[in-house]
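Take a look at the structure set out below.
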Amino acid sequence: MKEKISKALLDIGAVFLRPDEPFTWASGIKSPVYCDNRLILSSPDVRELVETAIADTVKKEYPAAEILMGTSTAGIAHAAIAAYKLGLPMGYVRSGNKDHGRQNRIEGKLEKGMHAVVIEDLISTGGSVIEVVEALREAGAVVDGIVSIFTYGMKRGLDALAEAKVKNASLTDFDTLVNIAVKTGYIKPQDAPKLLCFRDDPSNENWRTL
């Protein structure tokens with residue numbers, strides 16, 4: 001599954017690998033990779049592949065799940081489609097409380113004690129998804145874990161998830177994607193070590209000189 005989804009993400013341009021002409025993140029970090037999983041929604045075949053995989057992963061990894069909660073905004077559509085496939089309710093968590101109406105941060109009917117699974121499109125450092133987990137816990141939910149479409153596998157992110165005591169099951173990851181990119185000729189074999197070096201420490205630009 002990991003290889004199939006990685007290839008699909010590359011095929012539709014949801015992930016770009018550009019080690020010779022790196023992107024600049026908002027933080028100023030030079031990155032050889034850019035990920036835009038929103039493009040999954042525009043590709044029916046890949047969308048079906050991904051949403052089925054999310055639903056299957058929920059059933060396998062979190063059989064007690066009673067509700068899917070999407071992260072705002074990228075995880076909302078994926079949570080909705082996977083919840084439909086599973087026959088489960090869904091909701092989502094805002095990045096902050098609304099400034100009007102009931103000032104909700106959590107949208108959807110979430111009862112205390114419900115077993116929730118968070119649906120996220122992308123995990124790098126893990127900060128934003130952990131905030132969602134904490135918001136759900138504060139509301140009384142039992143967060144069984146996370147299903148993410150793609151994870152970088154950065155040490156900082158793995159450590160943050162471990163500290164928050166939350167499990168993440170990802171459909172695919174950066175290492176798998178790099179491997180598929182080499183196999184399919186998307187990147188040159190000599191570029192793979194650069195990409196994995198970046199994964200190990202994004203703030204260090206030594207990867208550019210390998």
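FYI, nothing fancy with the structure tokens labels: chains A, B, ... in order, residues from 1 per chain, ligands from 1 as they appear.
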Enumerate, in order of chain and increasing residue number, the residues of stretch 9-66 of chain A with an atom no farther than 12 Å from stretch 148-171 of chain A, each with its shortest atom pair and distance in Å to one decimal, counting only C-alpha atoms, as a tab-separated table.
```
residue	atom	partner	partner_atom	distance
A:Leu9	CA	A:Phe150	CA	9.5
A:Ala14	CA	A:Phe150	CA	10.6
A:Val15	CA	A:Phe150	CA	9.9
A:Val33	CA	A:Tyr152	CA	10.0
A:Tyr34	CA	A:Tyr152	CA	11.0
A:Cys35	CA	A:Phe150	CA	8.9
A:Asp36	CA	A:Phe150	CA	10.3
A:Asn37	CA	A:Ile149	CA	8.2
A:Arg38	CA	A:Ile149	CA	10.9
A:Ile40	CA	A:Ile149	CA	10.2
A:Val46	CA	A:Ile149	CA	11.9
A:Arg47	CA	A:Ile149	CA	11.2
A:Leu49	CA	A:Leu171	CA	10.5
A:Val50	CA	A:Ile149	CA	7.5
A:Glu51	CA	A:Ile149	CA	9.3
A:Thr52	CA	A:Leu171	CA	10.6
A:Ala53	CA	A:Leu171	CA	7.1
A:Ile54	CA	A:Leu171	CA	7.3
A:Ala55	CA	A:Leu171	CA	10.7
A:Asp56	CA	A:Leu171	CA	10.2
A:Thr57	CA	A:Ala169	CA	7.5
A:Val58	CA	A:Ala169	CA	8.7
A:Lys59	CA	A:Ala169	CA	11.6
A:Lys60	CA	A:Ala169	CA	10.1
A:Glu61	CA	A:Ala169	CA	7.5
A:Tyr62	CA	A:Ala169	CA	9.6
```
Please produce a file of the residues just selected, as a compact mmCIF listing (two decimals), in the first residue's frame, where the atoms kept are N, CA and C atoms.
```txt
# COMPACT_ATOMS: atom_id res chain seq x y z
N LEU A 9 0.84 9.65 -5.49
CA LEU A 9 1.09 11.04 -5.11
C LEU A 9 2.07 11.71 -6.06
N ALA A 14 1.08 15.64 -6.34
CA ALA A 14 0.78 16.02 -4.96
C ALA A 14 2.06 16.17 -4.16
N VAL A 15 3.12 15.49 -4.59
CA VAL A 15 4.43 15.63 -3.98
C VAL A 15 5.44 15.97 -5.08
N VAL A 33 11.57 19.14 -1.09
CA VAL A 33 10.27 18.49 -1.27
C VAL A 33 9.15 19.47 -0.95
N TYR A 34 8.08 19.35 -1.72
CA TYR A 34 6.87 20.13 -1.44
C TYR A 34 5.68 19.19 -1.58
N CYS A 35 4.79 19.24 -0.61
CA CYS A 35 3.66 18.31 -0.58
C CYS A 35 2.34 19.08 -0.58
N ASP A 36 1.45 18.74 -1.48
CA ASP A 36 0.13 19.35 -1.56
C ASP A 36 -0.91 18.26 -1.76
N ASN A 37 -1.29 17.63 -0.66
CA ASN A 37 -2.23 16.51 -0.74
C ASN A 37 -3.66 16.93 -1.09
N ARG A 38 -3.92 18.23 -1.15
CA ARG A 38 -5.26 18.66 -1.57
C ARG A 38 -5.55 18.22 -3.01
N ILE A 40 -5.22 15.41 -4.16
CA ILE A 40 -5.86 14.09 -4.15
C ILE A 40 -7.35 14.21 -4.44
N VAL A 46 -7.20 8.39 -7.60
CA VAL A 46 -6.30 8.46 -6.45
C VAL A 46 -7.10 8.73 -5.18
N ARG A 47 -8.11 9.54 -5.30
CA ARG A 47 -8.98 9.81 -4.14
C ARG A 47 -9.60 8.52 -3.61
N LEU A 49 -8.46 5.49 -4.00
CA LEU A 49 -7.37 4.70 -3.42
C LEU A 49 -7.05 5.16 -2.01
N VAL A 50 -6.90 6.47 -1.84
CA VAL A 50 -6.51 7.02 -0.54
C VAL A 50 -7.62 6.87 0.49
N GLU A 51 -8.85 7.20 0.12
CA GLU A 51 -9.95 7.14 1.11
C GLU A 51 -10.24 5.70 1.53
N THR A 52 -10.12 4.77 0.60
CA THR A 52 -10.30 3.35 0.95
C THR A 52 -9.19 2.92 1.91
N ALA A 53 -7.97 3.38 1.64
CA ALA A 53 -6.84 3.04 2.52
C ALA A 53 -7.02 3.64 3.91
N ILE A 54 -7.55 4.87 3.98
CA ILE A 54 -7.80 5.48 5.29
C ILE A 54 -8.83 4.65 6.05
N ALA A 55 -9.92 4.31 5.38
CA ALA A 55 -10.97 3.53 6.03
C ALA A 55 -10.44 2.17 6.50
N ASP A 56 -9.68 1.51 5.64
CA ASP A 56 -9.12 0.20 6.01
C ASP A 56 -8.14 0.32 7.18
N THR A 57 -7.37 1.40 7.21
CA THR A 57 -6.42 1.60 8.30
C THR A 57 -7.13 1.85 9.61
N VAL A 58 -8.22 2.62 9.56
CA VAL A 58 -9.01 2.84 10.78
C VAL A 58 -9.53 1.51 11.32
N LYS A 59 -10.08 0.69 10.42
CA LYS A 59 -10.63 -0.60 10.86
C LYS A 59 -9.55 -1.50 11.45
N LYS A 60 -8.37 -1.48 10.85
CA LYS A 60 -7.29 -2.36 11.30
C LYS A 60 -6.61 -1.87 12.57
N GLU A 61 -6.27 -0.58 12.59
CA GLU A 61 -5.48 -0.03 13.70
C GLU A 61 -6.32 0.46 14.87
N TYR A 62 -7.56 0.90 14.58
CA TYR A 62 -8.39 1.50 15.64
C TYR A 62 -9.81 0.92 15.58
```
As a ChimeraX atom specification, which residues of stretch 129-165 of chain A does DSSP assign to helix (DSSP H, G or I)? /A:129-138,155-163
Please list as a PyMOL selection string every residue within 9 Å of A:Tyr186, counting only C-alpha atoms and excluding residues in the same chain fewer than 3 positions away. chain A and resi 10+17+180-183
If DSSP is run on the backbone, what residues of stretch 2-205 of chain A are strand (DSSP E)? A reply as a ChimeraX atom specification would be ideal. /A:15-17,23-24,30-31,33-35,67-71,90-93,106-107,115-123,142-151,168-173
Who sits within 7 Å of A:Val142, only C-alpha atoms, same chain under 3 positions skipped, as a ChimeraX atom specification: /A:113-116,137
Just the selected residues (N, CA, C and O atoms), exported as a PDB file, in the first residue's frame, please.
```
ATOM      1  N   GLY A 113     -16.144  10.634  26.244  1.00  0.00           N
ATOM      2  CA  GLY A 113     -15.880   9.199  26.269  1.00  0.00           C
ATOM      3  C   GLY A 113     -15.865   8.544  24.903  1.00  0.00           C
ATOM      4  O   GLY A 113     -15.510   7.363  24.787  1.00  0.00           O
ATOM      5  N   MET A 114     -16.226   9.291  23.855  1.00  0.00           N
ATOM      6  CA  MET A 114     -16.223   8.702  22.514  1.00  0.00           C
ATOM      7  C   MET A 114     -14.798   8.419  22.065  1.00  0.00           C
ATOM      8  O   MET A 114     -13.873   9.201  22.320  1.00  0.00           O
ATOM      9  N   HIS A 115     -14.622   7.301  21.370  1.00  0.00           N
ATOM     10  CA  HIS A 115     -13.316   6.949  20.804  1.00  0.00           C
ATOM     11  C   HIS A 115     -13.170   7.636  19.451  1.00  0.00           C
ATOM     12  O   HIS A 115     -13.923   7.337  18.510  1.00  0.00           O
ATOM     13  N   ALA A 116     -12.217   8.554  19.363  1.00  0.00           N
ATOM     14  CA  ALA A 116     -12.027   9.357  18.153  1.00  0.00           C
ATOM     15  C   ALA A 116     -10.707   9.010  17.467  1.00  0.00           C
ATOM     16  O   ALA A 116      -9.713   8.703  18.124  1.00  0.00           O
ATOM     17  N   ARG A 137      -9.013  15.704  23.577  1.00  0.00           N
ATOM     18  CA  ARG A 137      -8.877  15.149  24.924  1.00  0.00           C
ATOM     19  C   ARG A 137      -9.490  16.084  25.962  1.00  0.00           C
ATOM     20  O   ARG A 137     -10.164  15.635  26.898  1.00  0.00           O
TER      21      ARG A 137
END
```
Could you check how far atom CA of A:Ile5 sits from atom CA of A:Thr172, in Å to one decimal? 6.6 Å
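Compared by their closest atoms to A:Asp201, and using only C-alpha atoms, the residues A:Thr125, A:Ser6, A:Asn179, A:Thr184 rank with A:Thr125 nearest.
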Hey, what's within 10 Å of A:Tyr92 if we count only C-alpha atoms and toss same-chain stuff fewer than 5 positions away? As a ChimeraX atom specification, please? /A:68-73,75-77,79-80,105-110,118-119,132,136
